[in-house]
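For reference, the structure is listed below as structure tokens.
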Amino acid sequence: MGLTGSGLLAVLSLLTAACLAGTVWLWPRAAGGGVRAVASRAALLAGCQVAVLLTLLASVNTYYLFYGSWRDLLSAAGGKATQAQHPPPGGAGAVAASQAIRKVRTDLDPGGKGGHVAARDGQVEHLDIRGIRTGISAEAYVYLPPQYFQPAYAARRFPVVLLIAGYPAADRMVWIDKGHIPEDAAKALAAGRIQPMIYVMMRPTVEEGWDTECADVPGGPQVETFFAQDVPEAVSGAYRTARTRTGWGLAGYSTGGFCAAKLLLLHSDRFSAAASMAGHFDALLDRTTRELYGGSKQIRRSSDLVWRLRNLPQPPVSVLVASADVGEKTYPSAQRFMRAARPPLVVDKLLLPTGGHNFKTFRKYIPPSIAWLSAHLKGE
């Protein structure tokens with residue numbers, strides 16, 4: 001039973017209801033002034049409170065996705081989570097090239113018309129990506145627009161948007177189930193608000209229970225290199241994608257927003273634009289990140305995007321900062337980032353009056369971010 005699934009919440013809700021009903025039924029039997037009667041009433045009340053608390057915590061976690069799996073929760077509590085093995089580049093685990101093993105999905109119908117037709121509805125495909133440089137393997141879902149399958153576009157190379165979810169994104173289809181990327185892209189495309197683009201939807205978690213912040217961890221997984229080099233190489237090998245940086249962009253929410261901005265600034269030779277939705281811009285360290293930087297202040301500082309803007313030459317890229325004036329915990333970091341920006345870096349902003357750090361607010365950022373990226377990317 002998953003930590004964020006409806007099954008756990010249903011079981012806990014039934015348990016809470018049973019505790020309340022049992023308390024009402026047993027309370028008269030626990031009447032009296034003796035030690036045993038007082039202890040019985042205390043136990044009944046404590047049991048109900050524990051059940052209510054567990055149900056509340058599970059509900060909040062399902063909404064905000066603080067912990068995506070039992071392994072994440074165990075890791076946060078100090079337990080040992082199973083770690084994936086990441087062979088060093090060129091080692092025995094390396095493959096001949098970054099690969100994307102494609103599995104076609106036709107059960108999704110973004111057009112909502114029934115009877116899936118790729119040239120009308122587009123198509124969602126599943127990729128298993130294996131990186132030669134990093135040894136990392138990860139899943140991706142790819143939405144291809146209808147034009148990708150139409151004869152008139154047979155020679156077209158499409159812009160690509162790499163979408164990175166927030167940590168932990170336990171739902172591997174979070175961009176589809178909660179972000180509604182295929183539906184939003186199909187509607188905007190049909191209305192003429194965006195150009196046809198390829199959307200590569202991924203999680204930032206390459207090792208369960210570890211928020212790597214898309215970093216190349218000393219002695220650990222090389223996540224930055226994976227997203228900046230292995231993933232684009234694998235996707236380019238599987239699809240007709242733009243050949244140059246002007247056709248590649250990024251977007252993400254929360255941790256994924258930080259990853260999008262970070263990958264853009266550090267790899268402007270690969271990407272030209274990024275939308276950071278409720279993302280932070282400093283180099284975090286907490287229990288979920290563990291020690292990302294090998295204890296090196298210099299390495300950590302290089303991942304601090306505000307520090308980079310204040311102290312290093314700024315790359316010729318464009319960033320959309322999507323946040324909220326009130327209720328968004330990452331907004332102060334976004335303000336520091338925007339104040340530090342200067343040409344040739346271009347920063348646009350999308351600010352809501354209010355909005356919490358949750359998917360209800362993230363959903364408001366997604367359609368305008370897609371439109372903004374469409375205006376900044378070029379196909380061939």
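Each chain in the structure tokens gets a letter, A, B, ..., in the order shown, and its residues are numbered from 1; ligands are numbered from 1 in order too.
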Excluding range 218-234 of chain A and residues on its chain fewer than 3 positions from it, collect all residues at most 8 Å away from it, counting only C-alpha atoms, and give them as a ChimeraX atom specification. /A:86,98-100,129-134,136,206,212,214-215,237-238,263,267,270,292-294
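Take CA of Ser303 in chain A and CA of Pro367 in chain A: the distance between them is 28.1 Å.
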Test item: residues at most 8 Å from range 146-161 of chain A, only C-alpha atoms, excluding those fewer than 3 positions along its chain, as a ChimeraX atom specification: /A:118-123,196-200,240-243,247-251,373,377-380
DSSP on the backbone: what in range 176-295 of chain A comes out alpha helix (DSSP H), as a ChimeraX atom specification? /A:176-177,181-190,223-225,231-238,255-266
CA of Ala334 in chain A to CA of Gln314 in chain A, straight-line distance in Å: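 If I compute the distance from CA of Gln314 in chain A to CA of Ala334 in chain A, I get 16.5 Å.
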With range 47-61 of chain A as the partner and 12 Å as the cut-off, tabulate the residues of range 102-195 of chain A that qualify, each row holding the nearest pair of atoms and their distance in Å to one decimal, using only C-alpha atoms, sorted by chain and rising number, as a Markdown table.
| residue | atom | partner | partner_atom | distance |
| --- | --- | --- | --- | --- |
| A:Pro168 | CA | A:Asn61 | CA | 11.3 |
| A:Ala169 | CA | A:Asn61 | CA | 11.5 |
| A:Ala170 | CA | A:Asn61 | CA | 10.9 |
Kindly save the residues from that selection, with all heavy atoms included, as a PDB file, in the first residue's frame.
ATOM      1  N   PRO A 168       9.329  14.659  -3.713  1.00  0.00           N
ATOM      2  CA  PRO A 168       9.867  13.460  -4.352  1.00  0.00           C
ATOM      3  C   PRO A 168       9.103  13.039  -5.594  1.00  0.00           C
ATOM      4  O   PRO A 168       9.560  12.158  -6.312  1.00  0.00           O
ATOM      5  CB  PRO A 168       9.707  12.408  -3.256  1.00  0.00           C
ATOM      6  CG  PRO A 168       8.456  12.805  -2.558  1.00  0.00           C
ATOM      7  CD  PRO A 168       8.431  14.319  -2.583  1.00  0.00           C
ATOM      8  N   ALA A 169       7.909  13.641  -5.833  1.00  0.00           N
ATOM      9  CA  ALA A 169       7.082  13.260  -6.992  1.00  0.00           C
ATOM     10  C   ALA A 169       6.896  11.749  -7.041  1.00  0.00           C
ATOM     11  O   ALA A 169       7.307  11.076  -7.980  1.00  0.00           O
ATOM     12  CB  ALA A 169       7.716  13.765  -8.294  1.00  0.00           C
ATOM     13  N   ALA A 170       6.271  11.211  -5.992  1.00  0.00           N
ATOM     14  CA  ALA A 170       6.080   9.765  -5.891  1.00  0.00           C
ATOM     15  C   ALA A 170       5.268   9.223  -7.052  1.00  0.00           C
ATOM     16  O   ALA A 170       5.481   8.109  -7.512  1.00  0.00           O
ATOM     17  CB  ALA A 170       5.385   9.425  -4.575  1.00  0.00           C
TER      18      ALA A 170
END
Residue with smallest distance to Tyr365 in chain A - pool A:Ser254, A:Thr289, A:Gln298, A:Ser318, counting only C-alpha atoms: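 The shortest atom-to-atom distance to Tyr365 in chain A comes from A:Ser254.
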Nearest candidate to Ala274 in chain A (options A:Ser296, A:Ser369, A:Thr288, A:Thr205; using only C-alpha atoms):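 Residue with the minimum atom-to-atom distance to Ala274 in chain A: A:Ser369.
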So, with only C-alpha atoms as the atoms that count, which of A:Ser323, A:Val306, A:Pro315, A:Ile164 lies closest to Arg339 in chain A?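 Nearest to Arg339 in chain A: A:Val306.
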Pick from A:Gly279, A:Gly355, A:Pro145, A:Gly256: nearest to Leu163 in chain A, with only C-alpha atoms counted? A:Gly256
What separation in Å, quoted to one decimal, exists between CA of Ala322 in chain A and CA of Leu352 in chain A? 8.0 Å
